[in-house]
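Data file: my_file34.pdb. Format and content: PDB, C-alpha atoms.
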ATOM      1  CA  MET A   1       2.407  -5.128   2.222  1.00  0.00           C
ATOM      2  CA  HIS A   2      -1.048  -6.585   2.742  1.00  0.00           C
ATOM      3  CA  PHE A   3      -4.628  -5.297   2.654  1.00  0.00           C
ATOM      4  CA  ASP A   4      -7.890  -7.222   2.413  1.00  0.00           C
ATOM      5  CA  ASN A   5      -7.103 -10.278   0.216  1.00  0.00           C
ATOM      6  CA  TYR A   6      -4.247  -8.585  -1.648  1.00  0.00           C
ATOM      7  CA  THR A   7      -0.478  -8.305  -1.384  1.00  0.00           C
ATOM      8  CA  ILE A   8       1.869  -5.701  -2.837  1.00  0.00           C
ATOM      9  CA  ARG A   9       5.345  -7.107  -3.417  1.00  0.00           C
ATOM     10  CA  PHE A  10       8.367  -6.663  -5.650  1.00  0.00           C
ATOM     11  CA  LEU A  11       8.124  -7.862  -9.245  1.00  0.00           C
ATOM     12  CA  GLU A  12      10.161 -11.082  -9.513  1.00  0.00           C
ATOM     13  CA  LEU A  13      11.699 -13.011 -12.425  1.00  0.00           C
ATOM     14  CA  THR A  14       9.118 -15.765 -12.008  1.00  0.00           C
ATOM     15  CA  ASP A  15       6.319 -13.227 -12.607  1.00  0.00           C
ATOM     16  CA  ASP A  16       7.076 -12.867 -16.325  1.00  0.00           C
ATOM     17  CA  ASP A  17       4.172 -15.039 -17.553  1.00  0.00           C
ATOM     18  CA  ALA A  18       1.591 -13.566 -15.165  1.00  0.00           C
ATOM     19  CA  TYR A  19       2.848 -10.041 -15.849  1.00  0.00           C
ATOM     20  CA  PHE A  20       2.566 -10.618 -19.602  1.00  0.00           C
ATOM     21  CA  LYS A  21      -1.021 -11.813 -19.138  1.00  0.00           C
ATOM     22  CA  LEU A  22      -1.886  -8.697 -17.096  1.00  0.00           C
ATOM     23  CA  ILE A  23      -0.491  -6.367 -19.746  1.00  0.00           C
ATOM     24  CA  ASP A  24      -1.815  -8.318 -22.707  1.00  0.00           C
ATOM     25  CA  SER A  25      -5.371  -8.471 -21.374  1.00  0.00           C
ATOM     26  CA  ASN A  26      -5.284  -4.723 -20.642  1.00  0.00           C
ATOM     27  CA  ARG A  27      -3.181  -3.604 -23.612  1.00  0.00           C
ATOM     28  CA  ASN A  28      -5.856  -1.336 -25.109  1.00  0.00           C
ATOM     29  CA  ARG A  29      -6.391   0.434 -21.776  1.00  0.00           C
ATOM     30  CA  LEU A  30      -2.665   0.904 -21.171  1.00  0.00           C
ATOM     31  CA  VAL A  31      -1.451   1.801 -24.647  1.00  0.00           C
ATOM     32  CA  ASP A  32      -1.545   5.597 -24.309  1.00  0.00           C
ATOM     33  CA  TYR A  33      -0.604   5.958 -20.645  1.00  0.00           C
ATOM     34  CA  PHE A  34       2.039   3.214 -20.350  1.00  0.00           C
ATOM     35  CA  ALA A  35       3.390   3.372 -23.889  1.00  0.00           C
ATOM     36  CA  GLY A  36       6.882   2.162 -22.973  1.00  0.00           C
ATOM     37  CA  THR A  37       5.628  -0.899 -21.144  1.00  0.00           C
ATOM     38  CA  VAL A  38       3.118  -1.797 -23.842  1.00  0.00           C
ATOM     39  CA  SER A  39       5.646  -1.378 -26.656  1.00  0.00           C
ATOM     40  CA  ARG A  40       8.203  -3.587 -24.908  1.00  0.00           C
ATOM     41  CA  THR A  41       5.898  -6.510 -23.982  1.00  0.00           C
ATOM     42  CA  HIS A  42       4.334  -7.776 -27.205  1.00  0.00           C
ATOM     43  CA  THR A  43       5.389 -11.381 -26.593  1.00  0.00           C
ATOM     44  CA  LEU A  44       6.210 -13.496 -23.573  1.00  0.00           C
ATOM     45  CA  GLN A  45       9.887 -13.434 -24.576  1.00  0.00           C
ATOM     46  CA  ASP A  46       9.810  -9.608 -24.819  1.00  0.00           C
ATOM     47  CA  THR A  47       8.217  -9.527 -21.383  1.00  0.00           C
ATOM     48  CA  LYS A  48      10.872 -11.830 -19.886  1.00  0.00           C
ATOM     49  CA  GLU A  49      13.581  -9.443 -21.117  1.00  0.00           C
ATOM     50  CA  PHE A  50      11.606  -6.438 -19.885  1.00  0.00           C
ATOM     51  CA  VAL A  51      11.211  -7.984 -16.408  1.00  0.00           C
ATOM     52  CA  ILE A  52      14.936  -8.803 -16.255  1.00  0.00           C
ATOM     53  CA  GLU A  53      15.750  -5.153 -17.070  1.00  0.00           C
ATOM     54  CA  ARG A  54      13.319  -3.893 -14.434  1.00  0.00           C
ATOM     55  CA  ILE A  55      14.803  -6.141 -11.762  1.00  0.00           C
ATOM     56  CA  LYS A  56      18.327  -5.006 -12.616  1.00  0.00           C
ATOM     57  CA  LYS A  57      17.183  -1.398 -12.236  1.00  0.00           C
ATOM     58  CA  ARG A  58      15.585  -2.361  -8.912  1.00  0.00           C
ATOM     59  CA  ASP A  59      18.865  -3.895  -7.759  1.00  0.00           C
ATOM     60  CA  ASP A  60      20.600  -0.650  -8.755  1.00  0.00           C
ATOM     61  CA  LYS A  61      17.966   1.274  -6.727  1.00  0.00           C
ATOM     62  CA  VAL A  62      17.018   3.506  -9.682  1.00  0.00           C
ATOM     63  CA  TYR A  63      13.590   1.946 -10.286  1.00  0.00           C
ATOM     64  CA  LEU A  64      11.230   0.064  -7.976  1.00  0.00           C
ATOM     65  CA  PRO A  65       8.645  -2.263  -9.607  1.00  0.00           C
ATOM     66  CA  TYR A  66       5.873  -3.889  -7.544  1.00  0.00           C
ATOM     67  CA  VAL A  67       2.914  -6.100  -8.359  1.00  0.00           C
ATOM     68  CA  ILE A  68      -0.479  -6.380  -6.693  1.00  0.00           C
ATOM     69  CA  VAL A  69      -1.463 -10.013  -6.160  1.00  0.00           C
ATOM     70  CA  ASP A  70      -4.931 -11.396  -5.454  1.00  0.00           C
ATOM     71  CA  GLU A  71      -4.168 -13.853  -2.635  1.00  0.00           C
ATOM     72  CA  ILE A  72      -7.242 -15.969  -3.412  1.00  0.00           C
ATOM     73  CA  SER A  73      -6.589 -16.558  -7.123  1.00  0.00           C
ATOM     74  CA  LYS A  74      -2.805 -15.907  -6.867  1.00  0.00           C
ATOM     75  CA  ASN A  75      -3.099 -13.765 -10.011  1.00  0.00           C
ATOM     76  CA  ILE A  76      -1.199 -10.548 -10.549  1.00  0.00           C
ATOM     77  CA  ILE A  77      -3.961  -7.969 -10.831  1.00  0.00           C
ATOM     78  CA  GLY A  78      -2.017  -4.740 -10.832  1.00  0.00           C
ATOM     79  CA  PHE A  79       1.275  -2.935 -10.918  1.00  0.00           C
ATOM     80  CA  ILE A  80       2.799  -0.014  -9.009  1.00  0.00           C
ATOM     81  CA  ASP A  81       6.223   1.451  -9.611  1.00  0.00           C
ATOM     82  CA  VAL A  82       8.527   4.228  -8.505  1.00  0.00           C
ATOM     83  CA  LYS A  83      10.600   5.703 -11.311  1.00  0.00           C
ATOM     84  CA  ASN A  84      12.562   8.894 -11.943  1.00  0.00           C
ATOM     85  CA  ILE A  85      13.969   8.528  -8.442  1.00  0.00           C
ATOM     86  CA  ASP A  86      16.177  11.264  -7.069  1.00  0.00           C
ATOM     87  CA  TRP A  87      17.613  10.016  -3.755  1.00  0.00           C
ATOM     88  CA  ARG A  88      19.216  13.417  -3.039  1.00  0.00           C
ATOM     89  CA  ILE A  89      15.836  15.073  -2.403  1.00  0.00           C
ATOM     90  CA  PRO A  90      14.499  12.188  -2.041  1.00  0.00           C
ATOM     91  CA  LYS A  91      11.592  11.965  -4.451  1.00  0.00           C
ATOM     92  CA  GLY A  92      10.112   9.565  -6.965  1.00  0.00           C
ATOM     93  CA  GLU A  93       7.389   9.312  -9.581  1.00  0.00           C
ATOM     94  CA  LEU A  94       4.603   6.797  -9.023  1.00  0.00           C
ATOM     95  CA  GLY A  95       2.763   4.818 -11.657  1.00  0.00           C
ATOM     96  CA  CYS A  96      -0.099   2.398 -11.172  1.00  0.00           C
ATOM     97  CA  TYR A  97      -2.512   0.271 -13.173  1.00  0.00           C
ATOM     98  CA  LEU A  98      -5.037  -2.398 -12.329  1.00  0.00           C
ATOM     99  CA  ASP A  99      -6.611  -5.197 -14.331  1.00  0.00           C
ATOM    100  CA  ALA A 100      -9.951  -4.042 -15.770  1.00  0.00           C
ATOM    101  CA  LYS A 101     -11.745  -6.893 -13.954  1.00  0.00           C
ATOM    102  CA  TYR A 102     -10.700  -5.383 -10.611  1.00  0.00           C
ATOM    103  CA  ALA A 103     -11.263  -1.716 -11.452  1.00  0.00           C
ATOM    104  CA  GLY A 104     -13.981   0.288  -9.738  1.00  0.00           C
ATOM    105  CA  LYS A 105     -13.918  -1.780  -6.523  1.00  0.00           C
ATOM    106  CA  GLY A 106     -11.721   0.467  -4.379  1.00  0.00           C
ATOM    107  CA  ILE A 107      -8.711  -1.848  -4.679  1.00  0.00           C
ATOM    108  CA  ALA A 108      -6.499   0.685  -6.465  1.00  0.00           C
ATOM    109  CA  LYS A 109      -7.218   3.337  -3.851  1.00  0.00           C
ATOM    110  CA  LYS A 110      -6.377   1.001  -0.945  1.00  0.00           C
ATOM    111  CA  ALA A 111      -3.262  -0.297  -2.694  1.00  0.00           C
ATOM    112  CA  PHE A 112      -2.056   3.171  -3.660  1.00  0.00           C
ATOM    113  CA  ASN A 113      -2.616   4.627  -0.176  1.00  0.00           C
ATOM    114  CA  LEU A 114      -0.762   1.719   1.439  1.00  0.00           C
ATOM    115  CA  PHE A 115       2.058   2.057  -1.067  1.00  0.00           C
ATOM    116  CA  ILE A 116       2.325   5.817  -0.511  1.00  0.00           C
ATOM    117  CA  GLU A 117       2.598   5.239   3.243  1.00  0.00           C
ATOM    118  CA  TYR A 118       5.308   2.626   2.593  1.00  0.00           C
ATOM    119  CA  CYS A 119       7.214   5.046   0.345  1.00  0.00           C
ATOM    120  CA  PHE A 120       7.199   7.778   2.974  1.00  0.00           C
ATOM    121  CA  LYS A 121       7.859   5.621   6.054  1.00  0.00           C
ATOM    122  CA  GLU A 122      10.027   2.771   4.800  1.00  0.00           C
ATOM    123  CA  LEU A 123      11.735   4.159   1.704  1.00  0.00           C
ATOM    124  CA  LYS A 124      12.076   7.621   3.280  1.00  0.00           C
ATOM    125  CA  PHE A 125      10.851   9.610   0.301  1.00  0.00           C
ATOM    126  CA  ASN A 126      10.107  13.259   1.019  1.00  0.00           C
ATOM    127  CA  LYS A 127       8.012  13.808  -2.109  1.00  0.00           C
ATOM    128  CA  LEU A 128       6.032  11.606  -4.438  1.00  0.00           C
ATOM    129  CA  PHE A 129       4.679  12.768  -7.762  1.00  0.00           C
ATOM    130  CA  LEU A 130       2.866  11.440 -10.773  1.00  0.00           C
ATOM    131  CA  ARG A 131       2.152  12.652 -14.255  1.00  0.00           C
ATOM    132  CA  THR A 132      -0.976  11.888 -16.247  1.00  0.00           C
ATOM    133  CA  HIS A 133      -2.932  13.179 -19.183  1.00  0.00           C
ATOM    134  CA  GLU A 134      -6.032  15.257 -18.463  1.00  0.00           C
ATOM    135  CA  THR A 135      -8.177  12.585 -20.171  1.00  0.00           C
ATOM    136  CA  ASN A 136      -6.975   9.836 -17.814  1.00  0.00           C
ATOM    137  CA  THR A 137      -9.890  10.284 -15.431  1.00  0.00           C
ATOM    138  CA  PRO A 138      -9.217   7.144 -13.331  1.00  0.00           C
ATOM    139  CA  ALA A 139      -5.613   8.225 -12.649  1.00  0.00           C
ATOM    140  CA  ARG A 140      -6.629  11.771 -11.819  1.00  0.00           C
ATOM    141  CA  LYS A 141      -9.373  10.569  -9.487  1.00  0.00           C
ATOM    142  CA  LEU A 142      -7.001   8.138  -7.763  1.00  0.00           C
ATOM    143  CA  ALA A 143      -4.341  10.823  -7.305  1.00  0.00           C
ATOM    144  CA  GLU A 144      -6.808  13.285  -5.822  1.00  0.00           C
ATOM    145  CA  GLN A 145      -8.424  10.670  -3.537  1.00  0.00           C
ATOM    146  CA  CYS A 146      -4.955   9.813  -2.229  1.00  0.00           C
ATOM    147  CA  GLY A 147      -4.094  13.415  -1.355  1.00  0.00           C
ATOM    148  CA  PHE A 148      -2.055  14.476  -4.372  1.00  0.00           C
ATOM    149  CA  GLU A 149      -2.411  18.061  -5.539  1.00  0.00           C
ATOM    150  CA  ILE A 150      -2.043  19.405  -9.055  1.00  0.00           C
ATOM    151  CA  GLU A 151       1.183  21.378  -9.199  1.00  0.00           C
ATOM    152  CA  GLY A 152       0.946  22.299 -12.854  1.00  0.00           C
ATOM    153  CA  THR A 153       0.915  21.236 -16.461  1.00  0.00           C
ATOM    154  CA  ILE A 154       4.058  20.022 -18.160  1.00  0.00           C
ATOM    155  CA  ARG A 155       3.765  20.906 -21.827  1.00  0.00           C
ATOM    156  CA  ASN A 156       4.839  18.460 -24.542  1.00  0.00           C
ATOM    157  CA  ASP A 157       6.060  15.961 -21.930  1.00  0.00           C
ATOM    158  CA  HIS A 158       4.909  12.555 -23.247  1.00  0.00           C
ATOM    159  CA  ILE A 159       4.669  10.756 -26.559  1.00  0.00           C
ATOM    160  CA  THR A 160       1.791   8.340 -27.015  1.00  0.00           C
ATOM    161  CA  THR A 161       2.107   5.013 -28.790  1.00  0.00           C
ATOM    162  CA  ALA A 162       0.572   6.709 -31.838  1.00  0.00           C
ATOM    163  CA  GLY A 163       3.391   9.279 -31.795  1.00  0.00           C
ATOM    164  CA  GLN A 164       1.359  12.236 -30.536  1.00  0.00           C
ATOM    165  CA  ILE A 165       3.223  14.548 -28.151  1.00  0.00           C
ATOM    166  CA  ILE A 166       0.921  15.588 -25.311  1.00  0.00           C
ATOM    167  CA  ASP A 167       0.850  17.706 -22.173  1.00  0.00           C
ATOM    168  CA  LEU A 168       0.712  16.048 -18.762  1.00  0.00           C
ATOM    169  CA  LEU A 169      -0.720  17.163 -15.454  1.00  0.00           C
ATOM    170  CA  TYR A 170       1.838  17.015 -12.657  1.00  0.00           C
ATOM    171  CA  TYR A 171       0.526  15.924  -9.252  1.00  0.00           C
ATOM    172  CA  GLY A 172       2.617  16.025  -6.085  1.00  0.00           C
ATOM    173  CA  LYS A 173       2.377  14.908  -2.478  1.00  0.00           C
ATOM    174  CA  ILE A 174       4.825  15.831   0.265  1.00  0.00           C
ATOM    175  CA  LYS A 175       5.517  13.725   3.354  1.00  0.00           C
TER     176      LYS A 175
END
As structure tokens, the full file:
Amino acid sequence: MHFDNYTIRFLELTDDDAYFKLIDSNRNRLVDYFAGTVSRTHTLQDTKEFVIERIKKRDDKVYLPYVIVDEISKNIIGFIDVKNIDWRIPKGELGCYLDAKYAGKGIAKKAFNLFIEYCFKELKFNKLFLRTHETNTPARKLAEQCGFEIEGTIRNDHITTAGQIIDLLYYGKIK
């Protein structure tokens, strides 16, 4: 998938170093909202193992990890995934983050909209959803700009890196 000077493509084994750099340089921003990823990628070796696991899950069609690449610099500048997939419905939960240097430029919105269209048309999802904390203003804004609606609050649904159990807002979008 392409837009402007960016490409969205599957995460590959050879991305481990660039993916580690993306996470490591944004660790403080991601720690509460992507606790699992942050906790599993402290070193390059951890990240290699994490990427291998993600690709195996992709091959099993239970998880779909993608990266956003700046075609000019060739750097990975973001990540989008589909998790908690239920192919019977079919539905999946989206997640997305962007390098802080690229935030606030409309890139996430363009990438997310293109990815949503891909999920509905190519992957044949009927519903997409995402969960985020009420304090995650960028995620909430992105969801709402991309046509997601709040469907409710899921109480005690997420544990932060600090061990705090928090409520999450549940956003949904139907094909």
Excluding same-chain residues fewer than 5 positions from Lys109 (chain A), what lies within 12 Å of it counting all atoms listed in the file, as an mmCIF file with C-alpha atoms, in the frame of the given file?
data_model
loop_
_atom_site.group_PDB
_atom_site.id
_atom_site.type_symbol
_atom_site.label_atom_id
_atom_site.label_comp_id
_atom_site.auth_asym_id
_atom_site.auth_seq_id
_atom_site.Cartn_x
_atom_site.Cartn_y
_atom_site.Cartn_z
ATOM 1 C CA PHE A 3 -4.628 -5.297 2.654
ATOM 2 C CA GLY A 78 -2.017 -4.740 -10.832
ATOM 3 C CA ILE A 80 2.799 -0.014 -9.009
ATOM 4 C CA CYS A 96 -0.099 2.398 -11.172
ATOM 5 C CA TYR A 97 -2.512 0.271 -13.173
ATOM 6 C CA LEU A 98 -5.037 -2.398 -12.329
ATOM 7 C CA TYR A 102 -10.700 -5.383 -10.611
ATOM 8 C CA ALA A 103 -11.263 -1.716 -11.452
ATOM 9 C CA GLY A 104 -13.981 0.288 -9.738
ATOM 10 C CA LEU A 114 -0.762 1.719 1.439
ATOM 11 C CA PHE A 115 2.058 2.057 -1.067
ATOM 12 C CA ILE A 116 2.325 5.817 -0.511
ATOM 13 C CA PRO A 138 -9.217 7.144 -13.331
ATOM 14 C CA ALA A 139 -5.613 8.225 -12.649
ATOM 15 C CA ARG A 140 -6.629 11.771 -11.819
ATOM 16 C CA LYS A 141 -9.373 10.569 -9.487
ATOM 17 C CA LEU A 142 -7.001 8.138 -7.763
ATOM 18 C CA ALA A 143 -4.341 10.823 -7.305
ATOM 19 C CA GLU A 144 -6.808 13.285 -5.822
ATOM 20 C CA GLN A 145 -8.424 10.670 -3.537
ATOM 21 C CA CYS A 146 -4.955 9.813 -2.229
ATOM 22 C CA GLY A 147 -4.094 13.415 -1.355
#
Q: Using CA of Glu151 (chain A) and CA of Phe34 (chain A) as the two end points, give the distance in Å to one decimal.
A: 21.3 Å
(Q) What would the selection look like, as a PyMOL selection string, if the PyMOL selection byres ((chain A and resi 65) around 6) were run on the coordinates I just shared? (A) chain A and resi 10-11+64+66+81
Q | Contact residues around Phe125 (chain A) with only C-alpha atoms at 8 Å, ignoring same-chain residues under 2 positions, as an NGL selection string | A | :A and (87 or 89-92 or 119-121 or 123 or 127-128 or 175)
Which residues are near Asn28 (chain A)? Cut-off 12 Å, all atoms listed in the file, ignore same chain within fewer than 6 positions. Put them as a tab-separated table (two decimals) with C-alpha atoms, in the coordinates of the input.
chain	number	residue	atom	x	y	z
A	22	LEU	CA	-1.89	-8.70	-17.10
A	34	PHE	CA	2.04	3.21	-20.35
A	35	ALA	CA	3.39	3.37	-23.89
A	38	VAL	CA	3.12	-1.80	-23.84
A	39	SER	CA	5.65	-1.38	-26.66
A	99	ASP	CA	-6.61	-5.20	-14.33
A	100	ALA	CA	-9.95	-4.04	-15.77
A	161	THR	CA	2.11	5.01	-28.79
Q | Using all atoms listed in the file: which of A:Glu134, A:Glu122, A:Asp32, A:Asp86 has the shortest distance to Ala162 (chain A) | A | A:Asp32
Q: May I have the residues within 9 Å of Asp15 (chain A) as a VMD selection string, using all atoms listed in the file and disregarding those fewer than 2 positions away in the same chain?
A: chain A and resid 11 to 13 17 to 20 48 51 67 76
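Interatomic distance, CA of Asn5 (chain A) to CA of Leu94 (chain A): 22.7 Å.
For the residues A:Thr14, A:Leu130, A:Thr7, A:Lys21, ranking by smallest atom-to-atom distance to Ile55 (chain A) using all atoms listed in the file places A:Thr14 first.
With all atoms listed in the file as the atoms that count, the minimum distance from Ile166 (chain A) to the choices A:Ala108, A:Glu93, A:Ile150, A:Arg131 is reached by A:Arg131.
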Q: Tell me, in Å to one decimal, how far CA of Thr137 (chain A) is from CA of His42 (chain A).
A: 25.8 Å
Q | Among the residues A:Arg29, A:Asp4, A:Ile165, A:Tyr170, the one that comes closest to Thr153 (chain A) [using all atoms listed in the file] | A | A:Tyr170
Q: Determine the nearest neighbour of His158 (chain A) from the options A:Ile77, A:Phe129, A:Tyr33, A:Ile8, counting only C-alpha atoms.
A: A:Tyr33
(Q) Just checking: using all atoms listed in the file, which residue out of A:Tyr118, A:Glu49, A:Ile68, A:Asn126 ends up closest to Arg88 (chain A)? (A) A:Asn126
Q: Skip Val62 (chain A) itself and residues of its chain fewer than 3 positions away, then list as a VMD selection string all residues within 9 Å of it, counting all atoms listed in the file.
A: chain A and resid 57 to 59 82 to 87
